[in-house]
$ cat input17.cif   # mmCIF, C-alpha atoms and all ligand atoms
data_start
#
loop_
_atom_site.label_atom_id
_atom_site.label_comp_id
_atom_site.auth_asym_id
_atom_site.auth_seq_id
_atom_site.Cartn_x
_atom_site.Cartn_y
_atom_site.Cartn_z
CA MET A 1 156.39 30.87 40.36
CA SER A 2 157.57 30.48 36.83
CA SER A 3 155.24 29.22 34.20
CA PRO A 4 157.02 28.29 31.02
CA ARG A 5 155.07 28.69 27.86
CA PHE A 6 154.05 25.42 26.33
CA HIS A 7 153.87 25.47 22.61
CA PRO A 8 153.88 21.84 21.70
CA ASP A 9 154.07 22.15 17.97
CA SER A 10 155.60 25.50 17.30
CA SER A 11 157.11 25.20 13.92
CA PRO A 12 160.77 25.93 13.35
CA SER A 13 160.03 26.83 9.77
CA SER A 14 157.01 29.07 10.13
CA ALA A 15 158.90 31.71 8.17
CA ASP A 16 158.80 29.44 5.11
CA GLU A 17 155.13 28.73 5.38
CA PRO A 18 153.79 31.65 3.34
CA ALA A 19 156.02 30.58 0.45
CA LEU A 20 154.89 26.99 0.85
CA LEU A 21 151.27 28.10 0.86
CA ALA A 22 151.84 30.18 -2.26
CA ARG A 23 153.05 27.06 -4.06
CA VAL A 24 149.99 25.20 -2.79
CA ALA A 25 147.88 27.97 -4.29
CA GLU A 26 149.44 27.14 -7.63
CA GLY A 27 148.46 23.53 -7.31
CA ASP A 28 151.80 22.10 -6.25
CA ARG A 29 150.93 18.81 -4.59
CA GLU A 30 154.36 18.21 -3.12
CA SER A 31 154.18 21.51 -1.26
CA PHE A 32 150.71 20.58 -0.13
CA ARG A 33 151.96 17.23 1.11
CA ARG A 34 154.65 18.94 3.16
CA LEU A 35 152.14 21.35 4.64
CA TYR A 36 149.74 18.48 5.32
CA VAL A 37 152.30 16.36 7.11
CA HIS A 38 153.51 19.35 9.06
CA TYR A 39 150.04 20.32 10.28
CA HIS A 40 148.63 16.86 10.70
CA ARG A 41 150.12 16.40 14.15
CA ARG A 42 148.86 19.69 15.51
CA LEU A 43 145.41 19.28 14.02
CA HIS A 44 145.25 15.69 15.20
CA ARG A 45 146.13 16.63 18.78
CA PHE A 46 143.60 19.40 18.82
CA LEU A 47 140.78 17.62 17.02
CA MET A 48 141.15 14.32 18.84
CA ARG A 49 140.32 16.21 22.02
CA ILE A 50 137.18 17.55 20.41
CA THR A 51 135.99 14.46 18.56
CA ARG A 52 137.53 11.60 20.58
CA GLU A 53 136.99 9.43 17.54
CA PRO A 54 139.94 8.80 15.27
CA HIS A 55 137.93 8.48 12.08
CA VAL A 56 135.92 11.63 12.77
CA CYS A 57 139.12 13.42 13.67
CA GLU A 58 140.80 12.33 10.43
CA GLU A 59 137.77 13.40 8.47
CA ILE A 60 137.86 16.89 9.93
CA ILE A 61 141.59 17.14 9.35
CA ASN A 62 141.07 16.34 5.69
CA ASP A 63 138.11 18.69 5.37
CA THR A 64 140.24 21.40 6.91
CA MET A 65 143.19 20.71 4.65
CA MET A 66 140.89 20.54 1.64
CA VAL A 67 139.85 24.11 2.41
CA VAL A 68 143.53 25.00 2.65
CA TRP A 69 144.18 23.38 -0.73
CA ARG A 70 141.29 25.14 -2.39
CA HIS A 71 141.70 28.51 -0.76
CA ALA A 72 145.46 28.85 -0.33
CA GLY A 73 145.26 31.65 -2.87
CA ASP A 74 142.92 33.56 -0.58
CA PHE A 75 145.38 33.64 2.29
CA ARG A 76 145.98 37.31 2.87
CA GLY A 77 149.01 37.13 5.09
CA ASP A 78 147.60 39.39 7.77
CA SER A 79 147.97 36.50 10.16
CA GLN A 80 150.35 33.60 10.45
CA VAL A 81 149.70 30.61 8.24
CA SER A 82 149.24 28.52 11.37
CA THR A 83 146.58 30.91 12.66
CA TRP A 84 144.77 30.76 9.35
CA ILE A 85 144.78 26.96 9.27
CA MET A 86 143.82 26.68 12.92
CA GLY A 87 141.00 29.12 12.24
CA ILE A 88 139.58 26.78 9.63
CA ALA A 89 139.94 23.82 11.99
CA TYR A 90 138.40 25.87 14.80
CA ARG A 91 135.21 26.46 12.86
CA ARG A 92 135.02 22.78 12.03
CA ALA A 93 135.55 21.88 15.68
CA LEU A 94 132.91 24.39 16.74
CA LYS A 95 130.37 22.84 14.41
CA THR A 96 131.21 19.36 15.61
CA LEU A 97 130.71 20.40 19.22
CA GLN A 98 127.49 22.19 18.41
CA ARG A 99 126.18 19.08 16.69
CA ASN A 100 127.23 16.79 19.52
CA ARG A 101 125.70 19.13 22.03
CA THR A 102 122.29 19.09 20.47
CA ALA A 103 122.59 15.33 20.18
CA ARG A 104 123.16 14.87 23.89
CA ALA A 105 122.36 18.09 25.64
CA GLN A 106 123.48 17.81 29.20
CA PRO A 107 122.91 20.93 31.22
CA ILE A 108 124.90 21.54 34.33
CA MET A 109 122.67 20.92 37.32
CA VAL A 110 124.51 22.37 40.26
CA MET A 111 123.71 25.18 42.60
CA PRO A 112 127.20 26.28 43.40
CA ASP A 113 127.76 27.55 46.88
CA PRO A 114 130.94 29.59 46.58
CA ALA A 115 132.18 28.77 50.06
CA ALA A 116 131.41 25.08 49.86
CA GLY A 117 132.76 25.05 46.36
CA HIS A 118 136.14 26.24 47.49
CA VAL A 119 136.40 23.63 50.17
CA THR A 120 135.50 20.75 47.92
CA LEU A 121 137.62 21.99 45.05
CA ASP A 122 140.58 22.17 47.39
CA ALA A 123 140.19 18.45 47.78
CA LEU A 124 139.78 17.98 44.07
CA VAL A 125 143.04 19.68 43.27
CA ASN A 126 144.99 16.70 44.48
CA GLY A 127 142.66 14.02 43.25
CA ALA A 128 144.26 11.37 41.08
CA GLU A 129 141.18 11.24 38.87
CA MET A 130 141.56 14.88 37.95
CA HIS A 131 142.33 14.00 34.35
CA ASP A 132 139.08 12.11 33.86
CA TRP A 133 137.05 14.66 35.75
CA VAL A 134 138.35 17.53 33.70
CA GLY A 135 137.56 15.60 30.53
CA ALA A 136 134.00 14.93 31.65
CA ALA A 137 133.55 18.49 32.86
CA LEU A 138 134.77 19.94 29.56
CA ASP A 139 132.09 17.94 27.79
CA ARG A 140 129.47 19.90 29.69
CA LEU A 141 130.63 23.32 28.57
CA SER A 142 129.24 25.31 25.70
CA PRO A 143 131.29 24.86 22.50
CA GLU A 144 132.67 28.39 22.70
CA HIS A 145 133.75 28.04 26.32
CA ARG A 146 135.18 24.62 25.67
CA LEU A 147 137.24 25.77 22.73
CA VAL A 148 138.75 28.78 24.43
CA LEU A 149 139.90 26.50 27.25
CA GLU A 150 141.28 23.94 24.81
CA LEU A 151 143.15 26.54 22.83
CA ALA A 152 144.57 28.19 25.94
CA TYR A 153 145.33 25.26 28.18
CA PHE A 154 145.86 22.47 25.72
CA MET A 155 147.37 24.34 22.79
CA GLY A 156 149.05 27.01 24.92
CA LEU A 157 147.88 29.92 22.80
CA SER A 158 147.67 33.52 23.91
CA CYS A 159 144.52 35.55 24.15
CA GLU A 160 145.42 37.41 20.95
CA GLU A 161 146.20 34.23 19.03
CA ILE A 162 142.89 32.71 20.07
CA ALA A 163 141.07 35.87 19.00
CA SER A 164 142.58 35.56 15.50
CA ILE A 165 141.73 31.89 15.27
CA ALA A 166 138.18 32.31 16.51
CA GLY A 167 137.67 35.47 14.50
CA CYS A 168 136.47 37.51 17.45
CA PRO A 169 137.73 40.45 19.51
CA VAL A 170 140.29 39.87 22.25
CA GLY A 171 137.75 41.10 24.80
CA THR A 172 135.40 38.30 23.79
CA VAL A 173 138.12 35.72 24.34
CA LYS A 174 138.81 37.13 27.81
CA THR A 175 135.12 37.03 28.69
CA ARG A 176 134.71 33.51 27.35
CA MET A 177 137.73 32.38 29.31
CA PHE A 178 136.46 33.95 32.51
CA TYR A 179 133.02 32.39 32.28
CA GLY A 180 134.37 29.20 30.76
CA ARG A 181 136.53 28.67 33.84
CA GLU A 182 133.59 29.39 36.08
CA ARG A 183 131.42 26.87 34.25
CA LEU A 184 134.25 24.35 34.34
CA ARG A 185 134.50 24.71 38.12
CA ASP A 186 130.76 24.10 38.42
CA ALA A 187 130.95 21.17 36.07
CA LEU A 188 133.91 19.70 37.97
CA GLN A 189 131.90 19.75 41.14
CA ALA A 190 129.01 18.13 39.37
CA VAL A 191 131.08 15.29 37.95
CA ALA A 192 133.50 14.76 40.80
CA LEU A 193 131.17 15.31 43.72
CA PRO A 194 127.82 14.12 42.55
CA ARG A 195 124.59 14.64 44.45
CA GLY A 196 124.74 16.43 47.72
CA GLU A 197 128.38 15.93 48.54
CA ALA A 198 129.24 19.33 47.15
CA ALA A 199 127.38 20.95 50.01
CA THR A 200 129.21 19.20 52.82
CA MET B 1 138.51 30.64 58.82
CA THR B 2 141.43 32.39 57.19
CA ARG B 3 139.82 32.65 53.79
CA SER B 4 140.44 36.17 52.59
CA VAL B 5 137.67 38.47 51.43
CA ARG B 6 137.11 38.87 47.74
CA THR B 7 138.33 42.26 46.54
CA ARG B 8 138.33 44.16 43.28
CA GLU B 9 141.89 43.05 42.75
CA CYS B 10 140.70 39.45 43.10
CA ASP B 11 138.31 40.08 40.20
CA ALA B 12 141.07 41.59 38.10
CA ILE B 13 143.39 38.70 38.89
CA GLY B 14 140.60 36.29 38.01
CA GLU B 15 140.76 37.56 34.46
CA LEU B 16 144.52 37.19 34.25
CA ILE B 17 144.98 33.82 35.90
CA ALA B 18 144.29 31.65 32.89
CA TRP B 19 146.85 33.48 30.80
CA TYR B 20 149.31 33.33 33.64
CA VAL B 21 148.82 29.59 33.89
CA ASN B 22 149.37 29.00 30.19
CA GLY B 23 152.45 31.19 30.13
CA THR B 24 151.24 33.81 27.71
CA LEU B 25 150.70 36.69 30.12
CA ASP B 26 153.04 39.66 29.81
CA PRO B 27 155.65 40.24 32.56
CA ALA B 28 153.73 43.06 34.22
CA GLY B 29 150.63 40.89 34.42
CA CYS B 30 152.68 37.99 35.81
CA ALA B 31 154.15 40.22 38.50
CA ARG B 32 150.66 41.38 39.42
CA VAL B 33 149.33 37.84 39.69
CA GLU B 34 152.32 36.73 41.75
CA ALA B 35 152.11 39.69 44.11
CA HIS B 36 148.43 39.18 44.69
CA THR B 37 148.44 35.42 45.10
CA SER B 38 151.23 35.59 47.61
CA ALA B 39 148.94 37.70 49.79
CA CYS B 40 145.47 36.34 48.95
CA GLU B 41 144.64 32.80 49.88
CA ARG B 42 141.46 32.73 47.85
CA CYS B 43 143.27 33.53 44.64
CA ARG B 44 146.15 31.24 45.55
CA ILE B 45 143.69 28.35 45.67
CA THR B 46 142.16 29.42 42.39
CA LEU B 47 145.62 29.51 40.84
CA ALA B 48 146.48 26.06 42.14
CA MET B 49 143.18 24.78 40.79
CA GLU B 50 143.72 26.31 37.35
CA THR B 51 147.23 24.94 37.21
CA ARG B 52 145.91 21.46 37.91
CA VAL B 53 143.18 21.83 35.31
CA ALA B 54 145.70 22.92 32.70
CA GLU B 55 148.02 20.04 33.62
CA ALA B 56 145.16 17.58 33.42
CA MET B 57 144.25 18.88 29.98
CA ARG B 58 147.80 18.63 28.76
CA ALA B 59 148.37 15.14 30.10
CA PRO B 60 148.89 12.85 27.14
CA ALA B 61 145.86 10.91 26.10
CA ASP B 62 146.27 7.18 26.03
CA ASN B 63 148.17 6.15 22.96
CA VAL B 64 146.32 8.08 20.36
CA GLU B 65 147.92 7.05 17.16
CA HIS B 66 149.24 9.82 15.04
CA SER B 67 150.23 9.03 11.52
CA PRO B 68 149.63 11.46 8.72
CA HIS B 69 150.19 8.89 6.00
CA ALA B 70 146.84 7.16 5.91
CA GLY B 71 145.15 10.55 5.98
CA TRP B 72 147.34 11.82 3.19
CA GLN B 73 146.49 8.84 1.00
CA LYS B 74 142.81 9.64 1.46
CA MET B 75 143.51 13.27 0.68
CA LEU B 76 145.32 12.30 -2.50
CA ALA B 77 142.33 10.21 -3.52
CA ARG B 78 140.11 13.24 -2.99
CA LEU B 79 142.39 15.44 -5.07
CA ASP B 80 142.44 12.88 -7.85
CA ALA B 81 138.68 12.49 -7.76
CA GLU B 82 138.27 16.25 -8.05
CA GLU B 83 140.68 16.43 -10.92
CA GLU B 84 138.88 13.65 -12.70
CA ALA B 85 135.56 15.33 -12.14
CA GLY B 86 137.04 18.42 -13.74
CA VAL B 87 136.71 20.64 -10.70
CA PRO B 88 138.98 23.55 -11.52
CA ARG B 89 141.71 24.67 -9.19
CA PRO B 90 140.79 27.80 -7.29
CA VAL B 91 141.82 31.05 -8.88
CA ARG B 92 145.52 31.63 -8.73
CA ARG B 93 145.22 34.90 -7.04
CA ALA B 94 147.85 37.46 -6.67
CA ALA B 95 151.34 36.34 -7.52
CA ALA B 96 152.34 39.63 -5.92
CA ARG B 97 150.87 38.61 -2.60
CA ARG B 98 153.55 36.00 -2.23
CA LYS B 99 156.06 38.75 -1.67
CA PHE B 100 153.86 40.02 1.11
CA ASN B 101 154.07 43.59 0.11
CA TRP B 102 150.80 44.26 1.82
CA PRO B 103 149.76 47.63 0.49
CA VAL B 104 150.34 46.38 -3.04
CA ALA B 105 148.96 42.97 -2.27
CA MET B 106 145.83 44.44 -0.79
CA GLY B 107 145.31 46.47 -3.92
CA ILE B 108 145.61 43.37 -6.01
CA ALA B 109 143.42 41.35 -3.71
CA VAL B 110 140.83 44.02 -4.03
CA ALA B 111 141.24 44.08 -7.77
CA VAL B 112 140.74 40.34 -7.84
CA GLN B 113 137.64 40.78 -5.76
CA ALA B 114 136.52 43.32 -8.26
CA ALA B 115 136.79 40.54 -10.80
CA ALA B 116 133.64 39.19 -9.24
CA ILE B 117 131.90 42.30 -10.39
CA VAL B 118 133.81 42.57 -13.59
CA VAL B 119 131.45 40.49 -15.63
CA LEU B 120 129.06 43.35 -15.27
CA ALA B 121 131.50 46.18 -15.46
CA ILE B 122 134.66 45.05 -17.12
CA ALA B 123 135.74 48.60 -17.52
CA LEU B 124 136.15 48.81 -13.77
CA VAL B 125 139.21 46.63 -13.79
CA GLN B 126 142.31 46.54 -15.85
CA GLY B 127 143.02 43.85 -18.38
CA ARG B 128 145.26 41.81 -16.15
CA GLN B 129 142.39 40.74 -13.95
CA GLN B 130 140.20 39.67 -16.78
CA ALA B 131 141.58 36.18 -16.96
CA GLU B 132 140.19 35.57 -13.51
CA ALA B 133 136.85 37.12 -14.03
CA PRO B 134 135.02 34.22 -15.69
CA ARG B 135 135.57 32.13 -12.60
CA TYR B 136 132.54 33.76 -11.13
CA ARG B 137 129.06 33.11 -12.34
CA THR B 138 127.73 36.53 -11.69
CA LEU B 139 124.11 37.15 -11.00
CA SER B 140 122.18 39.36 -13.31
CA ASN B 141 120.75 42.79 -12.61
CA VAL B 142 123.36 43.80 -10.08
CA ASP B 143 124.38 47.41 -10.02
CA ALA B 144 128.14 47.11 -9.80
CA THR B 145 128.67 50.74 -9.00
CA LEU B 146 126.35 50.51 -6.07
CA ALA B 147 127.92 47.26 -5.03
CA ALA B 148 131.38 48.75 -5.05
CA ARG B 149 130.21 51.33 -2.57
CA GLY B 150 128.84 48.78 -0.12
CA SER B 151 130.87 46.37 1.96
CA LEU B 152 131.78 43.11 0.33
CA VAL B 153 132.27 39.82 2.07
CA ARG B 154 133.34 36.61 0.42
CA ILE B 155 132.02 33.37 1.80
CA ALA B 156 133.12 29.87 0.94
CA PHE B 157 130.47 27.22 1.52
CA ASP B 158 130.84 23.49 1.55
CA ALA B 159 129.49 21.59 -1.42
CA THR B 160 126.18 20.71 0.20
CA VAL B 161 124.77 24.22 0.09
CA ASP B 162 122.39 25.35 -2.63
CA GLU B 163 121.75 28.82 -3.91
CA ARG B 164 118.37 29.19 -2.22
CA THR B 165 119.91 28.56 1.18
CA VAL B 166 122.63 31.08 0.47
CA ARG B 167 120.12 33.72 -0.54
CA ALA B 168 118.11 33.14 2.60
CA LEU B 169 121.26 33.47 4.63
CA ALA B 170 122.21 36.70 2.89
CA GLN B 171 118.81 38.08 3.76
CA ARG B 172 119.17 37.03 7.35
CA VAL B 173 122.39 39.03 7.70
CA GLU B 174 120.79 41.97 5.88
CA GLY B 175 122.93 41.64 2.83
CA ARG B 176 122.40 40.29 -0.64
CA VAL B 177 124.20 37.97 -2.98
CA LEU B 178 126.30 39.95 -5.40
CA ALA B 179 128.10 37.11 -7.10
CA GLY B 180 128.42 33.40 -6.95
CA PRO B 181 128.64 30.60 -6.78
CA SER B 182 132.13 30.25 -8.10
CA PRO B 183 133.15 26.70 -9.01
CA GLU B 184 134.49 26.48 -5.46
CA ASN B 185 131.09 27.46 -4.08
CA VAL B 186 132.29 30.91 -3.08
CA TYR B 187 129.73 33.69 -2.95
CA THR B 188 130.16 37.41 -2.59
CA PHE B 189 127.68 39.22 -0.37
CA VAL B 190 127.28 42.94 -0.34
CA PHE B 191 126.01 45.03 2.52
CA ASP B 192 124.65 48.13 0.88
CA ASP B 193 123.88 50.25 3.86
CA ALA B 194 127.39 51.60 4.41
CA ASP B 195 127.69 50.03 7.83
CA SER B 196 130.24 50.74 10.47
CA ALA B 197 133.18 48.37 10.67
CA ALA B 198 131.74 46.99 13.90
CA GLN B 199 128.44 46.11 12.24
CA ILE B 200 130.24 44.40 9.41
CA GLU B 201 132.31 42.50 11.92
CA ASP B 202 129.15 41.35 13.68
CA ARG B 203 127.76 40.02 10.45
CA VAL B 204 131.03 38.33 9.59
CA ARG B 205 130.94 36.64 12.97
CA ALA B 206 127.36 35.60 12.46
CA LEU B 207 128.26 34.15 9.07
CA ARG B 208 131.16 32.23 10.55
CA ARG B 209 128.80 30.56 12.97
CA GLU B 210 126.60 29.29 10.19
CA PRO B 211 126.71 25.63 9.32
CA HIS B 212 128.28 24.88 5.94
CA VAL B 213 130.34 28.06 6.02
CA LEU B 214 134.01 27.29 5.57
CA LEU B 215 135.55 30.71 5.26
CA VAL B 216 134.40 34.30 5.56
CA GLU B 217 136.57 37.12 4.37
CA PRO B 218 135.61 40.76 4.37
CA VAL B 219 136.90 42.67 1.38
CA VAL B 220 137.90 46.26 1.65
CA LEU B 221 137.23 48.33 -1.41
CA GLY B 222 138.81 51.73 -1.59
CA PRO B 223 138.97 54.49 -4.18
CA ALA B 224 142.30 53.24 -5.56
CA ASP B 225 140.94 49.83 -6.38
CA ALA B 226 139.96 50.17 -9.94
CA SER B 227 143.46 51.22 -10.88
CA GLY B 228 144.94 48.48 -8.71
ZN ZN A 301 142.43 37.54 45.68
#
$ encode --input "input17.cif" --output "structure tokens" --more "lines below"
Ligand SMILES: [Zn+2]
Amino acid sequence: MSSPRFHPDSSPSSADEPALLARVAEGDRESFRRLYVHYHRRLHRFLMRITREPHVCEEIINDTMMVVWRHAGDFRGDSQVSTWIMGIAYRRALKTLQRNRTARAQPIMVMPDPAAGHVTLDALVNGAEMHDWVGAALDRLSPEHRLVLELAYFMGLSCEEIASIAGCPVGTVKTRMFYGRERLRDALQAVALPRGEAAT
Amino acid sequence: MTRSVRTRECDAIGELIAWYVNGTLDPAGCARVEAHTSACERCRITLAMETRVAEAMRAPADNVEHSPHAGWQKMLARLDAEEEAGVPRPVRRAAARRKFNWPVAMGIAVAVQAAAIVVLAIALVQGRQQAEAPRYRTLSNVDATLAARGSLVRIAFDATVDERTVRALAQRVEGRVLAGPSPENVYTFVFDDADSAAQIEDRVRALRREPHVLLVEPVVLGPADASG
């Protein structure tokens, strides 16, 4: 089975980005505008998934880019510009999720039976509502688990890239992914097969 | 029931599957996943499931409008408002860093960091950093020599944070405020107790989880710093 890498917004000009950022650091608004327009799409895609609300999404994009504007001179170049910017957006997204979570804490209430789980998830795999279920299930994950799944499956980033963005060791990303997937499976059962059906 | 028994290899594959599905796993890992899933029904089902999850996540959301222009207009308004309010541009650090000569750049970055301390010990740094030094409102009674031996971390906070909160936070991560706030609300914390890199990393991670924290950057100070 081949599994082509999906990198929806990989930039053709990422080699120019450090120079662009350096001009931003000097207060060049035109360079900042170019960087802004270039990153808006990627940030919008990512943050819309987290916030689901256009105005909140736009607010976080601008907060993120404001940090870029103010701290472009701090960019140390030990990562890609895109990783640096995504790292700023990541921390914003994390905080948003943490806030939302305390606002409507919704623990997962399933007692997964591994055998039954497999059977029912088999059925799920071909369900037409998969898209909605996954969305609802993702909402039930912890912010850290949610974000590693978003960055891997939605943004198509590697383990190492996610580690740089999240500012944590690669091993942590692997662990979060492992448990995040497990929690997602539980959550999928909970949302797609509510009350009792999961055991049949 | 043909469901295969879970083995150690199943566990190992379980850690690789996500990266296989998103296409970022190395070729050896891919070969391992493919070999195992062709023989193990349990993991084949897991793989099918993960593939569907990833597809579902990537499926385009319904007509989410994407236009950077409205956002950019708001951003421009923010920049103008800042300019009018007289908020200074952040320090123009390190022209040399643009060339990405990292050993040199690191030296300069460190020298610029030292500018945070320079108010107390101007002799520490050469004249070329002095222009940047006044950007930092440095706290009094800080022993710069001691500070230079500890580990420094720079933290940018959003505008809502006051100094008391920052001090409390510094205490919580067993550090103290060495300098700050800069006009951009950047503080420098120092960890005096000569910690291991891992301990520093833990604290950096803890800081990054804090609300109102925008950026956390550890600063490495070495013996060559003062001479840049
Ligand atoms: Zn297996």
$ interface_residues --input "input17.cif" --of "chain A" --to "chain B" --cutoff "8 Å" --atoms "only C-alpha atoms" --output "MDAnalysis selection string"
chainID A and resid 1 3:6 18:19 22 25:27 33 36:37 40:41 44 58 62 66:67 70:71 73:74 76:77 88 91:92 95 121:122 125 130:131 134:135 150 152:154 156:159 167:168 174 177:178
$ residues_around --input "input17.cif" --residues "segment 179-182 of chain A" --least-positions-apart "6" --cutoff "10 Å" --atoms "only C-alpha atoms" --output "PyMOL selection string"
(chain A and resi 138+141-149+173+188) or (chain B and resi 14-15+18+50+53)
$ atom_distance --input "input17.cif" --atom1 "atom CA of Arg101 of chain A" --atom2 "atom CA of Asp139 of chain A"
8.7 Å
$ residues_around --input "input17.cif" --residues "Arg167 of chain B" --least-positions-apart "5" --cutoff "12 Å" --atoms "all atoms listed in the file" --output "list in words"
Leu139, Val161, Asp162, Arg172, Val173, Glu174, Gly175, Arg176, Val177, Leu178, Ala179, Gly180, Pro181, Tyr187, Thr188, Phe189 and Val190 of chain B
$ closest_atom_pairs --input "input17.cif" --of "chain B" --to "ligand ZN 301 (chain A)" --cutoff "7 Å" --atoms "only C-alpha atoms and all ligand atoms" --output "JSON lines"
{"residue": "B:Arg6", "atom": "CA", "partner": "A:ZN301", "partner_atom": "ZN", "distance": 5.9}
{"residue": "B:Thr7", "atom": "CA", "partner": "A:ZN301", "partner_atom": "ZN", "distance": 6.3}
{"residue": "B:Glu9", "atom": "CA", "partner": "A:ZN301", "partner_atom": "ZN", "distance": 6.3}
{"residue": "B:Cys10", "atom": "CA", "partner": "A:ZN301", "partner_atom": "ZN", "distance": 3.6}
{"residue": "B:Ile13", "atom": "CA", "partner": "A:ZN301", "partner_atom": "ZN", "distance": 7.0}
{"residue": "B:His36", "atom": "CA", "partner": "A:ZN301", "partner_atom": "ZN", "distance": 6.3}
{"residue": "B:Thr37", "atom": "CA", "partner": "A:ZN301", "partner_atom": "ZN", "distance": 6.4}
{"residue": "B:Cys40", "atom": "CA", "partner": "A:ZN301", "partner_atom": "ZN", "distance": 4.6}
{"residue": "B:Glu41", "atom": "CA", "partner": "A:ZN301", "partner_atom": "ZN", "distance": 6.7}
{"residue": "B:Arg42", "atom": "CA", "partner": "A:ZN301", "partner_atom": "ZN", "distance": 5.4}
{"residue": "B:Cys43", "atom": "CA", "partner": "A:ZN301", "partner_atom": "ZN", "distance": 4.2}
$ atom_distance --input "input17.cif" --atom1 "atom CA of Gly29 of chain B" --atom2 "atom CA of Thr83 of chain A"
24.3 Å
$ atom_distance --input "input17.cif" --atom1 "atom CA of Thr172 of chain A" --atom2 "atom CA of Ala168 of chain B"
27.8 Å
$ decode --input "input17.cif" --residues "segment 152-196 of chain B" --atoms "C-alpha atoms" --output "CSV table (one decimal), in the first residue's frame"
chain,number,residue,atom,x,y,z
B,152,LEU,CA,18.7,32.2,31.2
B,153,VAL,CA,15.3,31.9,29.6
B,154,ARG,CA,13.5,34.7,27.8
B,155,ILE,CA,9.7,34.8,28.0
B,156,ALA,CA,7.4,37.0,26.0
B,157,PHE,CA,4.0,37.6,27.7
B,158,ASP,CA,0.9,39.0,26.3
B,159,ALA,CA,0.0,42.5,27.3
B,160,THR,CA,-2.4,41.5,30.0
B,161,VAL,CA,0.2,40.2,32.4
B,162,ASP,CA,1.5,42.3,35.3
B,163,GLU,CA,4.9,42.1,37.0
B,164,ARG,CA,3.5,40.4,40.2
B,165,THR,CA,2.1,37.6,38.2
B,166,VAL,CA,5.4,37.1,36.4
B,167,ARG,CA,7.3,37.0,39.6
B,168,ALA,CA,4.9,34.4,41.1
B,169,LEU,CA,5.4,32.4,37.9
B,170,ALA,CA,9.2,32.7,38.2
B,171,GLN,CA,9.0,31.4,41.7
B,172,ARG,CA,6.8,28.5,40.7
B,173,VAL,CA,9.4,27.3,38.2
B,174,GLU,CA,12.1,27.8,40.7
B,175,GLY,CA,13.7,30.7,38.9
B,176,ARG,CA,13.7,34.4,39.4
B,177,VAL,CA,13.2,37.5,37.3
B,178,LEU,CA,16.5,38.8,36.1
B,179,ALA,CA,15.2,41.5,33.7
B,180,GLY,CA,12.1,42.8,32.3
B,181,PRO,CA,9.6,43.8,31.3
B,182,SER,CA,10.9,45.1,28.0
B,183,PRO,CA,8.5,47.3,26.1
B,184,GLU,CA,7.4,44.1,24.4
B,185,ASN,CA,6.6,42.6,27.8
B,186,VAL,CA,9.6,40.2,27.5
B,187,TYR,CA,11.2,39.0,30.7
B,188,THR,CA,14.4,37.2,31.4
B,189,PHE,CA,14.3,34.5,34.0
B,190,VAL,CA,17.4,33.0,35.5
B,191,PHE,CA,17.7,29.5,37.0
B,192,ASP,CA,20.6,29.8,39.4
B,193,ASP,CA,21.1,26.2,40.4
B,194,ALA,CA,23.1,25.1,37.4
B,195,ASP,CA,20.5,22.6,36.3
B,196,SER,CA,20.9,19.9,33.8
